[in-house]
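Colleague: Dropping in start.csv, which is CSV, C-alpha atoms and all ligand atoms:
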```csv
chain,number,residue,atom,x,y,z
A,1,TRP,CA,-34.4,100.2,70.7
A,2,VAL,CA,-31.1,98.4,70.4
A,3,ALA,CA,-30.2,99.2,74.0
A,4,ASN,CA,-33.5,98.4,75.6
A,5,THR,CA,-35.3,96.0,73.4
A,6,LEU,CA,-33.0,94.0,71.2
A,7,ASP,CA,-32.6,90.6,72.9
A,8,PHE,CA,-30.7,87.7,71.3
A,9,ASN,CA,-31.5,85.2,74.0
A,10,LYS,CA,-34.0,83.3,71.7
A,11,THR,CA,-34.6,79.6,71.4
A,12,TYR,CA,-34.1,80.0,67.6
A,13,ASP,CA,-32.1,78.0,65.1
A,14,ALA,CA,-30.2,80.8,63.3
A,15,SER,CA,-28.0,80.6,60.2
A,16,VAL,CA,-24.4,81.3,61.4
A,17,PHE,CA,-23.7,82.9,58.0
A,18,GLU,CA,-26.8,85.1,57.7
A,19,THR,CA,-26.6,86.2,61.3
A,20,THR,CA,-22.9,87.1,61.0
A,21,ILE,CA,-23.2,89.1,57.8
A,22,ARG,CA,-26.5,90.8,58.6
A,23,VAL,CA,-26.5,91.2,62.4
A,24,VAL,CA,-22.9,91.1,63.6
A,25,GLY,CA,-21.8,93.0,60.4
A,26,GLY,CA,-24.6,95.5,60.8
A,27,LEU,CA,-23.9,96.2,64.4
A,28,LEU,CA,-20.2,96.5,63.9
A,29,SER,CA,-20.7,98.9,61.0
A,30,THR,CA,-23.1,101.0,63.1
A,31,TYR,CA,-20.5,101.0,65.8
A,32,ASP,CA,-17.7,102.2,63.4
A,33,LEU,CA,-20.0,104.9,62.0
A,34,SER,CA,-21.4,106.1,65.3
A,35,GLY,CA,-18.8,105.3,67.9
A,36,ASP,CA,-21.6,104.3,70.3
A,37,ASN,CA,-20.5,101.3,72.5
A,38,ILE,CA,-23.9,99.8,72.7
A,39,PHE,CA,-23.5,98.5,69.1
A,40,LEU,CA,-20.2,96.8,70.0
A,41,GLU,CA,-21.7,95.3,73.1
A,42,LYS,CA,-24.6,93.8,71.1
A,43,ALA,CA,-22.3,92.6,68.3
A,44,ARG,CA,-20.3,90.8,71.0
A,45,ASP,CA,-23.4,89.3,72.6
A,46,ILE,CA,-24.6,87.7,69.4
A,47,ALA,CA,-21.1,86.7,68.2
A,48,ASP,CA,-20.6,84.9,71.6
A,49,ARG,CA,-23.8,83.0,70.9
A,50,LEU,CA,-22.5,81.9,67.4
A,51,LEU,CA,-19.0,80.9,68.5
A,52,PRO,CA,-19.7,77.3,69.5
A,53,ALA,CA,-20.6,76.6,65.9
A,54,TRP,CA,-16.8,76.5,65.2
A,55,ASP,CA,-16.2,73.7,67.7
A,56,THR,CA,-15.8,71.0,65.1
A,57,PRO,CA,-12.9,68.6,64.5
A,58,SER,CA,-11.7,70.6,61.5
A,59,GLY,CA,-12.6,74.1,62.8
A,60,ILE,CA,-14.9,74.5,59.8
A,61,PRO,CA,-18.2,75.6,61.4
A,62,TYR,CA,-21.6,74.1,61.5
A,63,ASN,CA,-23.9,76.4,59.7
A,64,ILE,CA,-26.9,76.5,62.1
A,65,ILE,CA,-26.9,77.3,65.9
A,66,ASN,CA,-29.5,77.8,68.5
A,67,LEU,CA,-29.0,81.3,69.9
A,68,ALA,CA,-30.2,80.5,73.4
A,69,ARG,CA,-28.9,77.0,73.8
A,70,GLY,CA,-25.7,77.0,71.8
A,71,ASN,CA,-26.2,73.6,70.1
A,72,ALA,CA,-25.0,73.6,66.5
A,73,HIS,CA,-25.7,71.4,63.5
A,74,ASN,CA,-25.8,71.4,59.7
A,75,PRO,CA,-29.0,71.4,57.7
A,76,GLY,CA,-30.4,67.9,56.9
A,77,TRP,CA,-30.4,68.5,53.1
A,78,THR,CA,-26.6,68.8,53.0
A,79,GLY,CA,-26.3,65.3,54.3
A,80,GLY,CA,-24.6,66.7,57.5
A,81,ASP,CA,-22.0,68.7,55.6
A,82,SER,CA,-21.2,72.4,55.8
A,83,ILE,CA,-21.7,74.8,52.9
A,84,LEU,CA,-18.6,76.6,51.6
A,85,ALA,CA,-20.0,80.2,51.6
A,86,ASP,CA,-21.7,79.7,54.9
A,87,SER,CA,-18.4,78.5,56.4
A,88,GLY,CA,-15.9,81.0,54.9
A,89,THR,CA,-17.8,84.3,55.1
A,90,GLU,CA,-17.3,85.3,58.8
A,91,GLN,CA,-13.7,86.4,58.7
A,92,LEU,CA,-14.3,90.1,58.3
A,93,GLU,CA,-16.8,90.4,61.1
A,94,PHE,CA,-15.0,88.3,63.6
A,95,ILE,CA,-11.6,89.8,62.9
A,96,ALA,CA,-13.1,93.2,63.3
A,97,LEU,CA,-14.7,92.2,66.5
A,98,SER,CA,-11.3,91.0,67.9
A,99,GLN,CA,-9.7,94.2,66.8
A,100,ARG,CA,-12.4,96.3,68.5
A,101,THR,CA,-12.7,94.4,71.7
A,102,GLY,CA,-9.1,93.3,72.1
A,103,ASP,CA,-10.3,89.7,72.6
A,104,PRO,CA,-8.5,87.4,70.0
A,105,LYS,CA,-10.9,84.5,70.3
A,106,TYR,CA,-13.2,85.6,67.5
A,107,GLN,CA,-10.4,86.0,65.0
A,108,GLU,CA,-8.8,82.7,66.1
A,109,LYS,CA,-12.0,80.7,65.3
A,110,VAL,CA,-12.6,82.1,61.9
A,111,GLU,CA,-9.0,82.0,60.8
A,112,LYS,CA,-8.8,78.3,61.9
A,113,ALA,CA,-11.6,77.6,59.3
A,114,ILE,CA,-9.6,79.2,56.5
A,115,VAL,CA,-6.5,77.3,57.6
A,116,ALA,CA,-8.5,74.1,57.4
A,117,LEU,CA,-9.8,75.0,54.0
A,118,ASN,CA,-6.3,75.8,52.8
A,119,LYS,CA,-5.1,72.4,53.9
A,120,THR,CA,-7.1,70.8,51.1
A,121,PHE,CA,-7.0,73.8,48.8
A,122,PRO,CA,-6.9,72.6,45.2
A,123,ALA,CA,-4.3,73.8,42.7
A,124,ASP,CA,-6.9,75.9,40.8
A,125,GLY,CA,-8.3,77.4,44.1
A,126,LEU,CA,-11.8,76.2,43.2
A,127,VAL,CA,-13.5,74.7,46.2
A,128,PRO,CA,-16.7,72.6,45.8
A,129,ILE,CA,-19.7,73.8,47.8
A,130,TYR,CA,-20.0,71.0,50.4
A,131,VAL,CA,-17.4,70.7,53.0
A,132,ASN,CA,-17.1,68.0,55.6
A,133,PRO,CA,-16.7,69.7,59.0
A,134,ASN,CA,-14.8,66.7,60.4
A,135,ASP,CA,-11.9,66.6,58.0
A,136,GLY,CA,-12.4,69.6,55.6
A,137,THR,CA,-12.7,67.6,52.5
A,138,ALA,CA,-15.0,69.2,49.9
A,139,TYR,CA,-17.2,67.8,47.1
A,140,GLY,CA,-20.0,68.9,44.8
A,141,THR,CA,-20.4,71.8,42.3
A,142,ILE,CA,-17.8,74.6,42.0
A,143,THR,CA,-19.5,77.9,41.5
A,144,PHE,CA,-19.1,81.6,42.0
A,145,GLY,CA,-22.9,81.7,42.6
A,146,ALA,CA,-25.1,80.3,45.3
A,147,MET,CA,-23.2,78.6,48.2
A,148,GLY,CA,-19.7,79.4,46.9
A,149,ASP,CA,-19.6,83.1,46.1
A,150,SER,CA,-18.6,85.0,49.3
A,151,PHE,CA,-15.9,82.6,50.3
A,152,TYR,CA,-13.8,84.0,47.5
A,153,GLU,CA,-14.9,87.5,48.2
A,154,TYR,CA,-13.7,87.3,51.8
A,155,LEU,CA,-10.2,86.0,50.8
A,156,LEU,CA,-9.7,89.3,49.1
A,157,LYS,CA,-11.4,91.4,51.7
A,158,ALA,CA,-9.6,89.9,54.6
A,159,TRP,CA,-6.4,91.0,52.9
A,160,ILE,CA,-7.7,94.5,52.4
A,161,GLN,CA,-9.0,94.6,56.0
A,162,GLY,CA,-5.6,93.6,57.2
A,163,ASN,CA,-4.0,96.5,55.4
A,164,LYS,CA,-2.5,94.2,52.7
A,165,THR,CA,0.4,93.5,55.1
A,166,SER,CA,2.5,90.4,55.1
A,167,SER,CA,0.5,88.9,57.9
A,168,VAL,CA,-2.6,88.7,55.6
A,169,LYS,CA,-0.7,87.8,52.5
A,170,PRO,CA,-1.9,84.1,52.7
A,171,TYR,CA,-5.4,85.4,52.1
A,172,ARG,CA,-4.2,87.2,49.0
A,173,ASP,CA,-2.3,84.2,47.8
A,174,MET,CA,-5.4,82.0,48.1
A,175,TRP,CA,-7.5,84.6,46.3
A,176,GLU,CA,-5.1,84.9,43.4
A,177,THR,CA,-5.0,81.1,43.1
A,178,SER,CA,-8.8,81.1,43.0
A,179,MET,CA,-8.9,83.8,40.4
A,180,LYS,CA,-6.8,81.7,38.1
A,181,GLY,CA,-9.5,79.1,38.6
A,182,LEU,CA,-12.2,81.6,37.9
A,183,VAL,CA,-10.5,82.5,34.6
A,184,SER,CA,-10.4,78.8,33.7
A,185,LEU,CA,-14.3,78.8,34.0
A,186,ILE,CA,-14.8,81.8,31.6
A,187,ARG,CA,-16.5,81.0,28.3
A,188,ARG,CA,-18.1,83.3,25.7
A,189,SER,CA,-21.5,83.2,24.3
A,190,SER,CA,-22.5,83.3,20.6
A,191,PRO,CA,-23.4,85.3,18.7
A,192,SER,CA,-22.7,88.3,21.0
A,193,SER,CA,-19.6,87.0,22.8
A,194,PHE,CA,-20.8,87.7,26.3
A,195,ALA,CA,-18.2,86.5,28.8
A,196,TYR,CA,-19.7,84.3,31.6
A,197,ILE,CA,-18.5,82.2,34.5
A,198,CYS,CA,-19.4,78.5,34.1
A,199,GLU,CA,-20.2,76.1,37.0
A,200,LYS,CA,-18.2,72.9,37.2
A,201,THR,CA,-19.0,69.5,38.6
A,202,ARG,CA,-16.0,67.2,38.6
A,203,GLU,CA,-14.6,67.7,35.1
A,204,THR,CA,-17.8,68.9,33.5
A,205,LEU,CA,-18.6,72.6,32.9
A,206,THR,CA,-22.2,73.8,32.8
A,207,ASP,CA,-23.1,76.9,30.9
A,208,LYS,CA,-25.0,78.5,33.7
A,209,MET,CA,-24.4,81.6,35.7
A,210,ASP,CA,-26.3,82.9,38.8
A,211,GLU,CA,-27.0,86.6,39.1
A,212,LEU,CA,-25.4,86.0,42.5
A,213,ALA,CA,-22.1,85.5,40.7
A,214,CYS,CA,-22.4,89.1,39.4
A,215,PHE,CA,-20.5,90.2,42.6
A,216,ALA,CA,-17.4,88.9,40.8
A,217,PRO,CA,-16.8,91.8,38.5
A,218,GLY,CA,-16.7,94.1,41.5
A,219,MET,CA,-14.4,91.7,43.4
A,220,LEU,CA,-12.0,91.4,40.4
A,221,ALA,CA,-11.9,95.2,40.0
A,222,LEU,CA,-11.3,95.7,43.7
A,223,GLY,CA,-8.5,93.1,43.7
A,224,SER,CA,-6.9,94.1,40.4
A,225,SER,CA,-4.6,96.8,41.7
A,226,GLY,CA,-2.8,94.2,43.8
A,227,TYR,CA,-1.3,92.6,40.7
A,228,GLY,CA,1.5,93.9,38.5
A,229,LYS,CA,0.6,96.3,35.7
A,230,VAL,CA,0.0,93.8,32.9
A,231,GLU,CA,-2.0,91.3,35.0
A,232,ALA,CA,-4.0,94.2,36.7
A,233,LYS,CA,-5.1,95.4,33.3
A,234,LYS,CA,-6.2,91.9,32.2
A,235,ILE,CA,-8.2,91.3,35.4
A,236,LEU,CA,-9.8,94.7,35.2
A,237,SER,CA,-10.8,94.2,31.7
A,238,LEU,CA,-12.3,90.8,32.6
A,239,ALA,CA,-14.2,92.6,35.3
A,240,GLU,CA,-15.6,95.0,32.8
A,241,GLU,CA,-16.6,92.3,30.4
A,242,LEU,CA,-18.4,90.4,33.1
A,243,ALA,CA,-20.2,93.5,34.3
A,244,TRP,CA,-21.5,94.0,30.7
A,245,THR,CA,-22.8,90.5,30.8
A,246,CYS,CA,-24.5,91.0,34.1
A,247,TYR,CA,-26.0,94.3,32.9
A,248,ASN,CA,-27.4,92.4,30.0
A,249,PHE,CA,-29.0,89.9,32.4
A,250,TYR,CA,-31.2,92.9,33.2
A,251,GLN,CA,-31.5,94.4,29.8
A,252,SER,CA,-32.6,91.2,28.1
A,253,THR,CA,-35.9,90.8,30.0
A,254,HIS,CA,-39.2,92.5,29.5
A,255,THR,CA,-39.0,94.2,32.9
A,256,LYS,CA,-35.3,95.1,32.5
A,257,LEU,CA,-34.7,93.2,35.8
A,258,ALA,CA,-32.5,90.1,35.9
A,259,GLY,CA,-33.7,86.6,36.6
A,260,GLU,CA,-32.1,84.5,39.3
A,261,ASN,CA,-29.8,82.7,36.8
A,262,TYR,CA,-29.0,82.4,33.1
A,263,LEU,CA,-28.3,79.6,30.7
A,264,PHE,CA,-26.1,80.1,27.7
A,265,ASN,CA,-26.8,78.1,24.5
A,266,PRO,CA,-24.8,78.3,21.3
A,267,GLY,CA,-26.3,80.8,18.9
A,268,ARG,CA,-28.8,82.1,21.4
A,269,ASP,CA,-26.6,84.0,23.9
A,270,MET,CA,-28.4,84.1,27.3
A,271,SER,CA,-31.8,83.0,28.4
A,272,VAL,CA,-33.4,83.2,31.8
A,273,GLY,CA,-33.3,80.0,33.8
A,274,THR,CA,-35.0,80.6,37.2
A,275,THR,CA,-37.4,83.4,36.6
A,276,TRP,CA,-37.6,85.3,39.8
A,277,ASN,CA,-35.9,88.5,41.0
A,278,ILE,CA,-35.8,89.0,44.7
A,279,LEU,CA,-34.2,92.5,44.6
A,280,ARG,CA,-30.7,91.2,44.7
A,281,PRO,CA,-27.7,93.6,44.7
A,282,GLU,CA,-24.8,91.9,43.1
A,283,THR,CA,-24.8,93.7,39.7
A,284,VAL,CA,-25.2,97.2,41.2
A,285,GLU,CA,-22.5,96.3,43.7
A,286,SER,CA,-20.2,95.6,40.8
A,287,LEU,CA,-21.2,98.8,39.0
A,288,PHE,CA,-20.4,100.7,42.2
A,289,TYR,CA,-16.9,99.3,42.4
A,290,LEU,CA,-16.3,99.7,38.7
A,291,TRP,CA,-17.4,103.3,38.7
A,292,ARG,CA,-15.2,104.1,41.8
A,293,LEU,CA,-12.2,102.3,40.3
A,294,THR,CA,-12.4,103.4,36.7
A,295,GLY,CA,-14.3,106.7,36.9
A,296,ASN,CA,-16.4,105.6,33.9
A,297,VAL,CA,-19.8,107.2,34.1
A,298,THR,CA,-21.3,104.4,31.9
A,299,TYR,CA,-21.6,102.4,35.1
A,300,GLN,CA,-23.7,105.2,36.6
A,301,GLU,CA,-26.0,105.1,33.6
A,302,TRP,CA,-26.4,101.3,33.8
A,303,GLY,CA,-27.1,101.6,37.6
A,304,TRP,CA,-29.7,104.3,36.9
A,305,ASN,CA,-31.4,102.1,34.4
A,306,ILE,CA,-31.6,99.2,36.9
A,307,PHE,CA,-32.9,101.6,39.6
A,308,GLN,CA,-35.6,102.8,37.2
A,309,ALA,CA,-36.6,99.2,36.5
A,310,PHE,CA,-36.9,98.5,40.3
A,311,GLU,CA,-39.0,101.7,40.6
A,312,LYS,CA,-41.3,100.7,37.8
A,313,ASN,CA,-41.8,97.1,38.6
A,314,CYS,CA,-41.2,96.5,42.3
A,315,ARG,CA,-42.3,99.7,44.1
A,316,ILE,CA,-45.6,99.4,46.1
A,317,GLU,CA,-47.1,101.7,48.6
A,318,SER,CA,-45.4,100.2,51.6
A,319,GLY,CA,-42.0,99.5,50.1
A,320,TYR,CA,-40.7,97.2,47.4
A,321,VAL,CA,-41.3,93.6,46.5
A,322,GLY,CA,-39.6,91.1,44.3
A,323,LEU,CA,-40.9,89.5,41.1
A,324,THR,CA,-41.8,85.8,40.6
A,325,ASP,CA,-41.3,86.3,36.9
A,326,VAL,CA,-39.1,89.0,35.3
A,327,ASN,CA,-40.7,88.6,31.9
A,328,LEU,CA,-44.3,88.5,33.1
A,329,ALA,CA,-43.7,91.2,35.7
A,330,LEU,CA,-45.5,89.2,38.4
A,331,LYS,CA,-44.9,90.5,41.9
A,332,ASP,CA,-44.1,88.5,45.0
A,333,ASN,CA,-44.9,89.8,48.5
A,334,LYS,CA,-41.5,90.2,50.1
A,335,MET,CA,-38.8,92.8,50.6
A,336,GLN,CA,-35.6,91.1,51.5
A,337,THR,CA,-33.4,93.0,54.0
A,338,PHE,CA,-30.5,93.1,51.5
A,339,PHE,CA,-32.5,95.4,49.3
A,340,LEU,CA,-32.0,98.2,51.9
A,341,ALA,CA,-28.6,97.0,53.2
A,342,GLU,CA,-27.1,96.4,49.8
A,343,THR,CA,-29.1,97.2,46.6
A,344,LEU,CA,-30.2,100.7,47.5
A,345,LYS,CA,-26.9,101.4,49.4
A,346,TYR,CA,-24.8,100.6,46.4
A,347,LEU,CA,-27.0,102.6,44.2
A,348,TYR,CA,-26.8,105.5,46.6
A,349,LEU,CA,-23.0,105.2,46.6
A,350,LEU,CA,-22.9,105.0,42.9
A,351,PHE,CA,-24.3,108.6,42.8
A,352,SER,CA,-22.2,109.9,45.7
A,353,PRO,CA,-18.8,111.4,45.6
A,354,PRO,CA,-16.0,108.8,46.2
A,355,THR,CA,-15.2,110.5,49.5
A,356,VAL,CA,-18.4,108.9,50.9
A,357,ILE,CA,-17.0,105.7,52.5
A,358,PRO,CA,-13.7,105.8,50.7
A,359,LEU,CA,-12.4,102.4,49.7
A,360,ASP,CA,-9.0,103.0,51.2
A,361,GLU,CA,-10.5,103.5,54.6
A,362,TRP,CA,-13.4,101.1,54.6
A,363,VAL,CA,-14.1,97.6,53.5
A,364,PHE,CA,-17.7,96.4,52.8
A,365,ASN,CA,-18.7,93.1,54.3
A,366,THR,CA,-20.7,90.9,52.0
A,367,GLU,CA,-24.0,92.5,53.1
A,368,ALA,CA,-22.6,96.0,52.2
A,369,HIS,CA,-22.0,97.0,55.8
A,370,PRO,CA,-18.8,99.2,55.8
A,371,LEU,CA,-16.2,98.2,58.4
A,372,ARG,CA,-13.4,100.7,59.1
A,373,ILE,CA,-9.9,99.4,58.1
A,374,VAL,CA,-8.0,99.7,61.3
A,375,ASN,CA,-4.3,100.5,61.1
A,376,ARG,CA,-2.8,97.3,62.4
A,377,ASN,CA,-0.3,99.1,64.5
A,378,ASP,CA,-3.1,101.0,66.2
A,379,ASP,CA,-5.4,98.0,66.7
A,380,ILE,CA,-7.4,98.7,69.8
A,381,ALA,CA,-5.7,96.9,72.7
A,382,GLY,CA,-3.0,95.9,70.3
A,383,SER,CA,-4.5,92.8,68.6
A,384,GLU,CA,-1.0,92.3,67.1
A,385,ARG,CA,0.5,92.0,70.5
A,386,GLN,CA,-2.3,90.0,72.1
A,387,HIS,CA,-3.2,87.7,69.3
A,388,LYS,CA,-1.0,84.6,69.2
A,389,PRO,CA,-2.1,82.5,66.3
A,390,THR,CA,-2.4,78.9,67.3
A,391,VAL,CA,-2.3,77.4,63.8
A,392,GLY,CA,0.1,77.4,60.9
A,393,LEU,CA,-0.8,77.8,57.2
A,394,GLN,CA,1.0,75.0,55.3
A,395,SER,CA,4.7,75.8,55.3
A,396,ARG,CA,4.5,79.5,55.6
A,397,LYS,CA,6.8,80.8,58.3
A,398,THR,CA,5.5,84.3,58.5
A,399,GLY,CA,2.3,86.1,58.7
A,400,ARG,CA,-0.8,86.0,60.8
A,401,PHE,CA,-1.4,82.4,60.0
A,402,GLY,CA,2.2,81.5,60.4
A,403,GLY,CA,2.7,82.1,64.1
A,404,ASN,CA,4.8,85.2,64.2
B,1,LIG,C1,-26.6,88.8,50.4
B,1,LIG,O1,-27.1,88.3,51.6
B,1,LIG,C2,-25.1,88.7,50.4
B,1,LIG,O2,-24.5,89.5,49.4
B,1,LIG,C3,-24.6,87.3,50.3
B,1,LIG,O3,-23.2,87.2,50.2
B,1,LIG,C4,-25.2,86.6,49.1
B,1,LIG,N1,-26.2,87.3,48.5
B,1,LIG,C5,-27.2,88.0,49.2
B,1,LIG,C6,-28.0,88.9,48.4
B,1,LIG,O4,-28.3,88.5,47.1
```
Taking this structure as input, can you express it in the form of structure tokens?

Modeller:
Amino acid sequence: WVANTLDFNKTYDASVFETTIRVVGGLLSTYDLSGDNIFLEKARDIADRLLPAWDTPSGIPYNIINLARGNAHNPGWTGGDSILADSGTEQLEFIALSQRTGDPKYQEKVEKAIVALNKTFPADGLVPIYVNPNDGTAYGTITFGAMGDSFYEYLLKAWIQGNKTSSVKPYRDMWETSMKGLVSLIRRSSPSSFAYICEKTRETLTDKMDELACFAPGMLALGSSGYGKVEAKKILSLAEELAWTCYNFYQSTHTKLAGENYLFNPGRDMSVGTTWNILRPETVESLFYLWRLTGNVTYQEWGWNIFQAFEKNCRIESGYVGLTDVNLALKDNKMQTFFLAETLKYLYLLFSPPTVIPLDEWVFNTEAHPLRIVNRNDDIAGSERQHKPTVGLQSRKTGRFGGN
């Protein structure tokens, strides 16, 4: 079907972010798992159609592009600006594509966007969600939930994908800076002392956390081993605390499924804000990482309970659907693709031996498509040799960003 029927030449305005993480990521992962060239060819076809989105004055992409015509723009409701997560979550896929094709152009485009974001990177590493594609300045809310989330995830994962070498150290540096910022947003509820990540607009913190931000415990756990012993322990323990909070997002409702976001009020711990559940994966994703990295079977138990709640409330004859209200158990009529790509995959992996997609050989893109970590010395067609970075990252003299 992919060889004979899949055709990307559509007059369709596609989200650059969603198409990258779902389609390019899915095809590249299938290529890595099967070795069948058709998947690489198709990944390249659609990536080529997305590439003009990065032709902006700053290198920060427009977030929508017409797949057949190649004209790019931003959604009207952002006032013409780009969204942080939509603009900084293509690095893994496009770097992988350059590695596998030997053509550096994909990597160059997505790294230029990070370089642009790094130019105005704040001291606490927390970047607001709206970014001007002309000059890279950012404004609006700071969040690890919707519209911010995977930008931070990819800083860490690009470092892992690059074998944690000096050439990708700038990613790690940016990520560590952002994690200091994350720590500054942590507050604890009363009476039960659940740790949560606030949102921030200018100097004001809001006691609200999206379920989407529940990818953060997994990210912190995954990144913890890159710190020295003492800091690693602190970060891992924060990851465990946040995972407990996220698990309680589920446990605190009538269906035992989490709402879309939570509000924290003194004396009342957490309460559901937006009531729907669209089968999102972030909490089970974090449980998967925590189980792999700590070996603590409690995370399997929590994952099993969440799985049972999906079975009980969301399963219908033809598949699964979300809920419009997690307390009233009202069903919607949609099964999001990330339920198969992520939610069920992470649950499957939570109950598989760690040798299934080992974390030292694979890195999951933000849609849970595993990409093989390629030994940089063995990069196909020698991306190290061929790739001449055209941009420098602040004053760094070394590294992939630095022009060596
Ligand atoms: C997925 O598409 C990805 O995980 C993305 O980064 C944000 N969240 C959705 C699923 O909730």

Colleague: Within 7 Å of ligand LIG 1 (chain B), which residues of chain A show up? Give each one with its shortest atom-to-atom distance in Å (one decimal) and the two atoms involved, counting only C-alpha atoms and all ligand atoms, rows by chain then rising residue number, as CSV.

Modeller:
```
residue,atom,partner,partner_atom,distance
A:Glu18,CA,B:LIG1,O1,6.9
A:Asp149,CA,B:LIG1,O3,6.8
A:Ser150,CA,B:LIG1,O3,5.2
A:Leu212,CA,B:LIG1,O4,6.0
A:Arg280,CA,B:LIG1,O4,4.3
A:Pro281,CA,B:LIG1,O4,5.7
A:Glu282,CA,B:LIG1,O4,6.3
A:Phe338,CA,B:LIG1,C6,5.8
A:Thr366,CA,B:LIG1,O2,4.8
A:Glu367,CA,B:LIG1,C2,4.8
```

Colleague: Pick from A:Ser352, A:Asn365, A:Thr245, A:Ser178: nearest to Phe144 in chain A, with all atoms listed in the file counted?

Modeller: A:Ser178

Colleague: What separation in Å, quoted to one decimal, exists between CA of Glu231 in chain A and CA of Met179 in chain A?

Modeller: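 Computed distance, CA of Glu231 in chain A to CA of Met179 in chain A, equals 11.5 Å.
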
Colleague: For Gly303 in chain A, please output as an MDAnalysis selection string all residues within 10 Å (counting all atoms listed in the file; exclusion window: fewer than 3 positions along the same chain).

Modeller: chainID A and resid 247 283:288 291 297:300 306:309 346:348 350:351

Colleague: Would you compute the distance between CA of Leu222 in chain A and CA of Gly102 in chain A? Give it in Å to one decimal.

Modeller: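 Computing it gives 28.6 Å between the two atoms.
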
Colleague: Taking all atoms listed in the file into account, which of A:Asp360, A:Asp48, A:Asp207, A:Glu342 comes nearest Arg22 in chain A?

Modeller: A:Glu342

Colleague: Determine, counting all atoms listed in the file, every residue of protein, DNA or RNA that lies within 7 Å of (-16.9, 72.8, 57.5) in the file coordinates, then give the result as number ranges by chain.

Modeller: A: 58-62, 81-83, 87, 131-133, 136

Colleague: Near Gly70 in chain A, within 9 Å and counting all atoms listed in the file, which residues show up once chain neighbours fewer than 5 positions away are dropped, as JSON, numbers by chain?

Modeller: {"A": [49, 50, 51, 52, 53, 65]}

Colleague: Report, in Å with one decimal, the straight-line distance from CA of Ser193 in chain A to CA of His254 in chain A.

Modeller: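 Computed distance, CA of Ser193 in chain A to CA of His254 in chain A, equals 21.4 Å.
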
Colleague: Contacts of Asn248 in chain A at 10 Å or less, counting all atoms listed in the file, minus same-chain residues fewer than 5 places along, as a compact mmCIF listing (two decimals) with C-alpha atoms, keeping the file's coordinate frame?

Modeller:
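Once written, out-v2.txt looks like this:
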```txt
# COMPACT_ATOMS: atom_id res chain seq x y z
CA PHE A 194 -20.80 87.70 26.30
CA LEU A 242 -18.40 90.40 33.10
CA ALA A 243 -20.20 93.50 34.30
CA THR A 253 -35.90 90.80 30.00
CA LYS A 256 -35.30 95.10 32.50
CA LEU A 257 -34.70 93.20 35.80
CA ALA A 258 -32.50 90.10 35.90
CA MET A 270 -28.40 84.10 27.30
CA TRP A 302 -26.40 101.30 33.80
```
